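K.L.:
Below is the file start-v2.tsv, with TSV, N, CA and C atoms.
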```tsv
chain	number	residue	atom	x	y	z
A	1	MET	N	226.49	-90.73	135.62
A	1	MET	CA	225.54	-89.65	135.80
A	1	MET	C	225.31	-88.98	134.45
A	2	ILE	N	224.09	-88.60	134.19
A	2	ILE	CA	223.72	-87.93	132.94
A	2	ILE	C	223.66	-86.43	133.20
A	3	GLU	N	224.33	-85.68	132.35
A	3	GLU	CA	224.30	-84.22	132.47
A	3	GLU	C	223.73	-83.64	131.18
A	4	ALA	N	223.07	-82.54	131.31
A	4	ALA	CA	222.49	-81.86	130.15
A	4	ALA	C	223.13	-80.49	129.99
A	5	SER	N	223.25	-80.09	128.75
A	5	SER	CA	223.83	-78.79	128.44
A	5	SER	C	222.93	-78.08	127.44
A	6	THR	N	222.77	-76.79	127.60
A	6	THR	CA	221.93	-76.02	126.68
A	6	THR	C	222.75	-75.35	125.59
A	7	ASN	N	224.08	-75.49	125.64
A	7	ASN	CA	224.92	-74.86	124.63
A	7	ASN	C	224.64	-75.41	123.24
A	8	GLY	N	224.39	-76.68	123.13
A	8	GLY	CA	224.09	-77.30	121.84
A	8	GLY	C	222.83	-76.73	121.23
A	9	PHE	N	221.82	-76.52	122.05
A	9	PHE	CA	220.56	-75.97	121.53
A	9	PHE	C	220.75	-74.54	121.04
A	10	ALA	N	221.52	-73.75	121.74
A	10	ALA	CA	221.75	-72.37	121.33
A	10	ALA	C	222.47	-72.32	119.99
A	11	ALA	N	223.44	-73.20	119.80
A	11	ALA	CA	224.16	-73.26	118.53
A	11	ALA	C	223.23	-73.71	117.41
A	12	LEU	N	222.38	-74.69	117.69
A	12	LEU	CA	221.41	-75.15	116.70
A	12	LEU	C	220.46	-74.02	116.32
A	13	ALA	N	219.97	-73.30	117.31
A	13	ALA	CA	219.05	-72.20	117.04
A	13	ALA	C	219.72	-71.12	116.18
A	14	ARG	N	221.00	-70.82	116.44
A	14	ARG	CA	221.73	-69.84	115.62
A	14	ARG	C	221.86	-70.31	114.17
A	15	ARG	N	222.19	-71.59	113.99
A	15	ARG	CA	222.34	-72.13	112.64
A	15	ARG	C	221.01	-72.12	111.89
A	16	LEU	N	219.94	-72.49	112.56
A	16	LEU	CA	218.62	-72.48	111.92
A	16	LEU	C	218.18	-71.07	111.57
A	17	ALA	N	218.46	-70.12	112.45
A	17	ALA	CA	218.12	-68.72	112.17
A	17	ALA	C	218.93	-68.19	110.99
A	18	ALA	N	220.19	-68.58	110.90
A	18	ALA	CA	221.02	-68.14	109.77
A	18	ALA	C	220.50	-68.72	108.46
A	19	ARG	N	220.12	-70.00	108.47
A	19	ARG	CA	219.57	-70.61	107.25
A	19	ARG	C	218.27	-69.95	106.85
A	20	ALA	N	217.43	-69.63	107.82
A	20	ALA	CA	216.15	-68.98	107.52
A	20	ALA	C	216.39	-67.59	106.92
A	21	ARG	N	217.40	-66.88	107.43
A	21	ARG	CA	217.72	-65.56	106.88
A	21	ARG	C	218.19	-65.68	105.44
A	22	ILE	N	219.05	-66.66	105.15
A	22	ILE	CA	219.56	-66.86	103.79
A	22	ILE	C	218.41	-67.17	102.83
A	23	LYS	N	217.50	-68.04	103.26
A	23	LYS	CA	216.35	-68.39	102.42
A	23	LYS	C	215.45	-67.18	102.18
A	24	ALA	N	215.22	-66.38	103.22
A	24	ALA	CA	214.36	-65.21	103.08
A	24	ALA	C	214.97	-64.18	102.15
A	25	GLU	N	216.28	-63.97	102.26
A	25	GLU	CA	216.94	-63.01	101.38
A	25	GLU	C	216.90	-63.48	99.93
A	26	ALA	N	217.12	-64.77	99.70
A	26	ALA	CA	217.08	-65.30	98.34
A	26	ALA	C	215.68	-65.18	97.76
A	27	ARG	N	214.68	-65.47	98.56
A	27	ARG	CA	213.30	-65.37	98.08
A	27	ARG	C	212.94	-63.93	97.75
A	28	ALA	N	213.35	-62.99	98.59
A	28	ALA	CA	213.04	-61.58	98.34
A	28	ALA	C	213.72	-61.09	97.06
A	29	GLU	N	214.99	-61.47	96.89
A	29	GLU	CA	215.69	-61.04	95.67
A	29	GLU	C	215.10	-61.70	94.43
A	30	ASN	N	214.73	-62.96	94.54
A	30	ASN	CA	214.13	-63.66	93.41
A	30	ASN	C	212.79	-63.03	93.03
A	31	THR	N	212.00	-62.67	94.03
A	31	THR	CA	210.71	-62.01	93.77
A	31	THR	C	210.91	-60.67	93.08
A	32	LEU	N	211.89	-59.90	93.54
A	32	LEU	CA	212.18	-58.61	92.91
A	32	LEU	C	212.62	-58.80	91.46
A	33	ARG	N	213.51	-59.76	91.23
A	33	ARG	CA	213.98	-60.00	89.86
A	33	ARG	C	212.86	-60.53	88.97
A	34	GLU	N	211.95	-61.30	89.56
A	34	GLU	CA	210.81	-61.80	88.78
A	34	GLU	C	209.91	-60.64	88.34
A	35	LYS	N	209.68	-59.70	89.24
A	35	LYS	CA	208.86	-58.53	88.89
A	35	LYS	C	209.53	-57.69	87.81
A	36	GLN	N	210.87	-57.66	87.83
A	36	GLN	CA	211.60	-56.90	86.83
A	36	GLN	C	211.82	-57.71	85.55
A	37	ARG	N	211.34	-58.95	85.55
A	37	ARG	CA	211.48	-59.87	84.42
A	37	ARG	C	212.94	-60.04	84.03
A	38	ASP	N	213.78	-60.20	85.04
A	38	ASP	CA	215.22	-60.37	84.84
A	38	ASP	C	215.52	-61.86	84.56
A	39	PRO	N	215.97	-62.20	83.35
A	39	PRO	CA	216.23	-63.60	83.04
A	39	PRO	C	217.45	-64.16	83.78
A	40	TRP	N	218.30	-63.32	84.31
A	40	TRP	CA	219.51	-63.80	85.00
A	40	TRP	C	219.20	-64.44	86.34
A	41	ARG	N	217.97	-64.31	86.83
A	41	ARG	CA	217.64	-64.95	88.10
A	41	ARG	C	217.73	-66.47	88.00
A	42	TRP	N	217.61	-67.00	86.78
A	42	TRP	CA	217.70	-68.44	86.58
A	42	TRP	C	219.14	-68.93	86.48
A	43	ARG	N	220.09	-67.98	86.46
A	43	ARG	CA	221.48	-68.37	86.33
A	43	ARG	C	222.28	-68.10	87.61
A	44	ASP	N	221.63	-67.63	88.62
A	44	ASP	CA	222.31	-67.32	89.88
A	44	ASP	C	222.06	-68.47	90.86
A	45	ALA	N	223.10	-69.25	91.12
A	45	ALA	CA	222.96	-70.45	91.95
A	45	ALA	C	222.47	-70.13	93.36
A	46	ARG	N	222.88	-69.00	93.93
A	46	ARG	CA	222.45	-68.71	95.30
A	46	ARG	C	220.96	-68.40	95.38
A	47	LEU	N	220.33	-68.04	94.24
A	47	LEU	CA	218.88	-67.84	94.24
A	47	LEU	C	218.15	-69.15	93.97
A	48	LEU	N	218.76	-70.03	93.19
A	48	LEU	CA	218.13	-71.30	92.87
A	48	LEU	C	218.24	-72.30	94.01
A	49	TRP	N	219.41	-72.35	94.67
A	49	TRP	CA	219.65	-73.32	95.73
A	49	TRP	C	220.25	-72.62	96.95
A	50	PRO	N	219.48	-71.82	97.66
A	50	PRO	CA	220.05	-71.09	98.80
A	50	PRO	C	220.53	-71.99	99.93
A	51	ASP	N	219.98	-73.21	100.01
A	51	ASP	CA	220.39	-74.13	101.09
A	51	ASP	C	221.82	-74.63	100.92
A	52	THR	N	222.24	-74.76	99.68
A	52	THR	CA	223.55	-75.37	99.43
A	52	THR	C	224.67	-74.35	99.32
A	53	MET	N	224.35	-73.09	99.31
A	53	MET	CA	225.36	-72.06	99.15
A	53	MET	C	225.88	-71.61	100.51
A	54	LYS	N	227.15	-71.26	100.56
A	54	LYS	CA	227.75	-70.73	101.79
A	54	LYS	C	227.40	-69.26	101.91
A	55	ASP	N	227.22	-68.80	103.14
A	55	ASP	CA	226.99	-67.38	103.39
A	55	ASP	C	228.32	-66.66	103.29
A	56	THR	N	228.42	-65.69	102.39
A	56	THR	CA	229.70	-65.01	102.15
A	56	THR	C	229.87	-63.77	103.01
A	57	ARG	N	228.90	-63.48	103.84
A	57	ARG	CA	229.02	-62.28	104.68
A	57	ARG	C	229.60	-62.57	106.02
```
Output the file's structure as structure tokens, nothing else.
P.N.:
Amino acid sequence: MIEASTNGFAALARRLAARARIKAEARAENTLREKQRDPWRWRDARLLWPDTMKDTR
């Protein structure tokens, strides 16, 4: 018998929402630093590659 569970989808949705939040925060901070002409934005890995960084919060 085949059974379906929705728990997997809920976990997937949470992970996707968390990744979207991380990307949005990195983009907002990068935009702010760009307006301030901050050269350090190019040296912050979490702004350059938000997908590969772990969420520290």
K.L.:
Figure out the distance between CA of Leu48 in chain A and CA of Arg19 in chain A, please, to one decimal in Å.
P.N.:
14.5 Å
K.L.:
Can you tell me how far atom N of Leu47 in chain A sits from CA of Ala26 in chain A, in Å to one decimal?
P.N.:
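One can read the atom N of Leu47 in chain A to CA of Ala26 in chain A distance as 5.9 Å.
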K.L.:
So that I can see what lies close to Arg27 in chain A, please list as a ChimeraX atom specification the residues with an atom at most 12 Å from it, counting only C-alpha atoms and leaving out residues fewer than 6 positions away in the same chain.
P.N.:
/A:20-21,33-34,41,46-51
K.L.:
Can you tell me, as a PyMOL selection string, which residues in chain A count as alpha helix (DSSP H) by DSSP?
P.N.:
chain A and resi 7-35+45-48
K.L.:
Go ahead and compute the interatomic distance for CA of Glu29 in chain A and atom C of Trp42 in chain A, in Å to one decimal.
P.N.:
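It comes out at 12.6 Å.
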